[in-house]
Amino acid sequence: MKISVLVGLQWGDEGKGKMIDVLTPEYDIIARFQGGPNAGHTLLFNGEKCVLCSIPSGIFHGKKNVIGNGMVLDPVLFRSEIEMLSFFHLDLTDNIYISRRAHLILPTHRLLDKAYEAQKGVNKIGTTGKGIGPAYIDKVSRNGLRIGDIDCDFEKKYIDKTYRHKKLLQQMNFKYDLASIEKEWVESIEIIKQFNRIDTDDFINKALNKGETVLAEGAQGTMLDVDFGSYPFVTSSNTVCAGACIGLGVSPTKIGDVFGIFKAYCTRVGSGPFPTELSDSIGEKLRSIGNEYGSVTGRSRRCGWIDLVALRYAIIINGVTQLIMTKSDVLDSFEIVKICIAYEINGRKTKKIPFEINSSVKPVYKELPGWKTDMSNVDSEDKFPKAFEDYLEFLEVFLEKNIKIVSVGPGRNQTIVRNKLKQL
């Protein structure tokens, strides 16, 4: 058996939570492979809105859900998710598996996150302040604390790590109150002890050998990847498909289908370049109709037209086999829909992502007529308006990839699988 992987192709918030929820019935195991509680995957379950930050989005289907070794886990936020999910009477302790190699986010990581951002001033990245970056810094500098350490001289290791962090905070003259957040953190470690703690590489590979099916769930988006995104305004992990190999402990030869998900337009949260951003009434209209506010931070998302230069780049980087487009319905009322087909940099046009995306990068647009139709009630591709079909066809020809699934609303039933795909 091979692993299927779902990755975001833009700057995150593409609708991965919903699509994992839609795809989950076809799989035995859902596994998150990177990121931390800075990623919010929103699902609708029995009419209730649920935001999952660390727990994989397959939890509502009674599947095995794996928190991979590539993730960083905050015990306090994990505990709050567990308490939220208890409302739905789900079997959590038997269906959640946590990698022993996943790193812990310490209370001092959160303090360091805020201190680092404060020092950057106007050049701040716009992090969620949840300690993800500092936790990954400790991981790569070989100073981290892992889930497996809970069972091995944990108190001494914790004291050693936090002592080092306190010295750093002191050097930055950052004022803090550690005691107020440390007690809850220590209590939350006891909650983690109630769950299955595993070696993810052994668990996943044995499952594949037994014929079980696995769906790897990515967080954030390709353009936030620490290597291939709009550096330095990126996250601290590899969000691309290859990250699933490292974040779960599987060979590249085990990767099968790669689902690449994108919005019919673009959004971004926090600082950083965004060539197609609209700082006008159109951008505000996209934000309002699309309810574009961060599921974790509540921050308003920056909005703009779809960027096919970045999207084609993301498809290549991830080796996408199937495309999924979400939020088509948000564009229902627009007379004209614009599509970025190239960048203009210092008077020259290019269809390649430059080494550095900055203010000199200007989008070159193609205009198409809008479909002026309420798409939220469309239940088959036969009912797509002609203008929408033209929009899909333009994207597919440019991207050289078929769009297999189209989402026209937040509900599971607002998901259309296309069968009439043209040969590209």
# chains A, B, ... in the order shown; residues from 1 in each chain; ligands from 1

call {"tool": "select_by_dssp", "arguments": {"residues": "range 118-236 of chain A", "states": "helix (DSSP H, G or I)", "output": "NGL selection string"}}
result
:A and (118-123 or 132-140 or 147-151 or 154-171 or 179-192 or 200-209 or 222-224)

call {"tool": "residues_around", "arguments": {"residues": "range 204-216 of chain A", "least_positions_apart": "4", "cutoff": "9 Å", "atoms": "only C-alpha atoms", "output": "number ranges by chain"}}
result
A: 1-7, 20, 23-24, 26-33, 199-200, 241, 244, 248-250, 254

call {"tool": "atom_distance", "arguments": {"atom1": "CA of Asp138 in chain A", "atom2": "CA of Val234 in chain A"}}
result
17.4 Å

call {"tool": "closest_residue", "arguments": {"among": "A:Ala135, A:Ala219, A:Leu112, A:Ala314", "to": "His41 in chain A", "atoms": "only C-alpha atoms"}}
result
A:Ala219

call {"tool": "select_by_dssp", "arguments": {"residues": "range 81-273 of chain A", "states": "strand (DSSP E or B)", "output": "list of chain:residue names"}}
result
A:Ile96, A:Tyr97, A:Ile98, A:Ser99, A:His103, A:Leu104, A:Arg146, A:Asn196, A:Arg197, A:Ile198, A:Val214, A:Leu215, A:Ala216, A:Glu217, A:Ile255, A:Gly256, A:Asp257, A:Val258, A:Phe259, A:Gly260, A:Ile261, A:Phe262, A:Lys263, A:Cys266, A:Thr267, A:Arg268

call {"tool": "decode", "arguments": {"residues": "range 1-51 of chain A", "atoms": "N, CA and C atoms", "output": "short mmCIF file (atom, residue, chain, number, x, y, z; two decimals), in the first residue's frame"}}
result
data_model
loop_
_atom_site.label_atom_id
_atom_site.label_comp_id
_atom_site.auth_asym_id
_atom_site.auth_seq_id
_atom_site.Cartn_x
_atom_site.Cartn_y
_atom_site.Cartn_z
N MET A 1 0.84 -1.21 0.00
CA MET A 1 0.00 0.00 0.00
C MET A 1 0.87 1.25 0.00
N LYS A 2 0.31 2.34 -0.52
CA LYS A 2 1.01 3.61 -0.53
C LYS A 2 0.20 4.67 0.22
N ILE A 3 0.91 5.68 0.72
CA ILE A 3 0.27 6.77 1.46
C ILE A 3 -0.26 7.82 0.47
N SER A 4 -1.46 8.31 0.73
CA SER A 4 -1.96 9.49 0.04
C SER A 4 -1.62 10.71 0.91
N VAL A 5 -1.33 11.83 0.26
CA VAL A 5 -0.95 13.04 0.99
C VAL A 5 -1.83 14.20 0.52
N LEU A 6 -2.33 14.99 1.46
CA LEU A 6 -3.05 16.20 1.11
C LEU A 6 -2.25 17.41 1.58
N VAL A 7 -1.94 18.31 0.64
CA VAL A 7 -1.14 19.50 0.97
C VAL A 7 -1.83 20.77 0.45
N GLY A 8 -1.63 21.86 1.16
CA GLY A 8 -2.10 23.16 0.71
C GLY A 8 -1.13 23.72 -0.32
N LEU A 9 -1.67 24.38 -1.34
CA LEU A 9 -0.84 24.88 -2.43
C LEU A 9 -0.64 26.38 -2.41
N GLN A 10 -1.25 27.07 -1.43
CA GLN A 10 -1.11 28.52 -1.38
C GLN A 10 -0.46 28.93 -0.05
N TRP A 11 -0.99 29.94 0.61
CA TRP A 11 -0.43 30.39 1.88
C TRP A 11 -1.25 29.86 3.07
N GLY A 12 -1.80 28.67 2.91
CA GLY A 12 -2.60 28.07 3.97
C GLY A 12 -4.07 28.47 3.86
N ASP A 13 -4.88 27.92 4.75
CA ASP A 13 -6.32 28.23 4.82
C ASP A 13 -7.06 27.85 3.55
N GLU A 14 -6.62 26.78 2.89
CA GLU A 14 -7.25 26.40 1.62
C GLU A 14 -8.48 25.51 1.80
N GLY A 15 -8.74 25.07 3.03
CA GLY A 15 -9.88 24.19 3.26
C GLY A 15 -9.47 22.75 3.48
N LYS A 16 -8.24 22.55 3.99
CA LYS A 16 -7.73 21.19 4.18
C LYS A 16 -8.57 20.39 5.18
N GLY A 17 -9.03 21.05 6.24
CA GLY A 17 -9.81 20.35 7.26
C GLY A 17 -11.06 19.72 6.68
N LYS A 18 -11.79 20.49 5.90
CA LYS A 18 -13.01 19.95 5.29
C LYS A 18 -12.69 18.79 4.36
N MET A 19 -11.67 18.94 3.52
CA MET A 19 -11.38 17.90 2.54
C MET A 19 -10.84 16.64 3.20
N ILE A 20 -10.06 16.77 4.27
CA ILE A 20 -9.64 15.57 5.00
C ILE A 20 -10.87 14.86 5.54
N ASP A 21 -11.81 15.64 6.06
CA ASP A 21 -13.05 15.08 6.60
C ASP A 21 -13.84 14.36 5.49
N VAL A 22 -13.85 14.92 4.29
CA VAL A 22 -14.56 14.31 3.16
C VAL A 22 -13.86 13.03 2.70
N LEU A 23 -12.53 13.04 2.67
CA LEU A 23 -11.75 11.91 2.16
C LEU A 23 -11.59 10.78 3.18
N THR A 24 -11.69 11.09 4.46
CA THR A 24 -11.39 10.15 5.53
C THR A 24 -12.10 8.80 5.42
N PRO A 25 -13.38 8.73 5.04
CA PRO A 25 -14.04 7.42 4.97
C PRO A 25 -13.32 6.39 4.11
N GLU A 26 -12.45 6.85 3.19
CA GLU A 26 -11.73 5.93 2.32
C GLU A 26 -10.43 5.42 2.94
N TYR A 27 -10.10 5.87 4.15
CA TYR A 27 -8.81 5.54 4.76
C TYR A 27 -8.97 4.96 6.16
N ASP A 28 -7.94 4.21 6.58
CA ASP A 28 -7.93 3.61 7.92
C ASP A 28 -7.22 4.50 8.93
N ILE A 29 -6.23 5.26 8.46
CA ILE A 29 -5.39 6.07 9.34
C ILE A 29 -5.24 7.47 8.75
N ILE A 30 -5.41 8.50 9.59
CA ILE A 30 -5.16 9.89 9.20
C ILE A 30 -3.98 10.37 10.04
N ALA A 31 -2.95 10.90 9.38
CA ALA A 31 -1.72 11.25 10.09
C ALA A 31 -1.25 12.66 9.76
N ARG A 32 -1.14 13.51 10.78
CA ARG A 32 -0.53 14.84 10.61
C ARG A 32 0.98 14.69 10.64
N PHE A 33 1.69 15.36 9.73
CA PHE A 33 3.13 15.15 9.64
C PHE A 33 3.99 16.37 9.94
N GLN A 34 3.41 17.55 10.14
CA GLN A 34 4.23 18.73 10.45
C GLN A 34 3.36 19.81 11.08
N GLY A 35 4.04 20.86 11.57
CA GLY A 35 3.33 21.99 12.14
C GLY A 35 2.92 21.77 13.57
N GLY A 36 2.15 22.71 14.07
CA GLY A 36 1.70 22.65 15.46
C GLY A 36 0.36 23.33 15.58
N PRO A 37 0.05 23.84 16.76
CA PRO A 37 -1.27 24.45 16.98
C PRO A 37 -1.45 25.83 16.35
N ASN A 38 -0.51 26.22 15.48
CA ASN A 38 -0.72 27.45 14.70
C ASN A 38 -1.59 27.17 13.48
N ALA A 39 -1.85 25.89 13.21
CA ALA A 39 -2.67 25.51 12.06
C ALA A 39 -4.05 25.11 12.53
N GLY A 40 -5.08 25.79 12.06
CA GLY A 40 -6.45 25.47 12.44
C GLY A 40 -7.22 24.88 11.29
N HIS A 41 -7.68 23.64 11.45
CA HIS A 41 -8.48 22.99 10.42
C HIS A 41 -9.94 22.98 10.87
N THR A 42 -10.78 23.68 10.13
CA THR A 42 -12.18 23.87 10.52
C THR A 42 -13.07 22.84 9.85
N LEU A 43 -13.92 22.19 10.66
CA LEU A 43 -14.86 21.20 10.17
C LEU A 43 -16.25 21.50 10.70
N LEU A 44 -17.26 21.07 9.96
CA LEU A 44 -18.63 21.12 10.43
C LEU A 44 -19.07 19.69 10.74
N PHE A 45 -19.48 19.44 11.99
CA PHE A 45 -19.89 18.10 12.39
C PHE A 45 -21.22 18.19 13.13
N ASN A 46 -22.23 17.52 12.58
CA ASN A 46 -23.58 17.58 13.16
C ASN A 46 -24.04 19.02 13.37
N GLY A 47 -23.69 19.88 12.41
CA GLY A 47 -24.11 21.28 12.49
C GLY A 47 -23.25 22.15 13.37
N GLU A 48 -22.25 21.55 14.03
CA GLU A 48 -21.37 22.30 14.93
C GLU A 48 -20.04 22.59 14.23
N LYS A 49 -19.53 23.80 14.43
CA LYS A 49 -18.22 24.18 13.89
C LYS A 49 -17.13 23.73 14.86
N CYS A 50 -16.14 23.00 14.35
CA CYS A 50 -15.04 22.51 15.19
C CYS A 50 -13.72 22.92 14.55
N VAL A 51 -12.80 23.43 15.36
CA VAL A 51 -11.47 23.81 14.88
C VAL A 51 -10.45 22.90 15.54
#
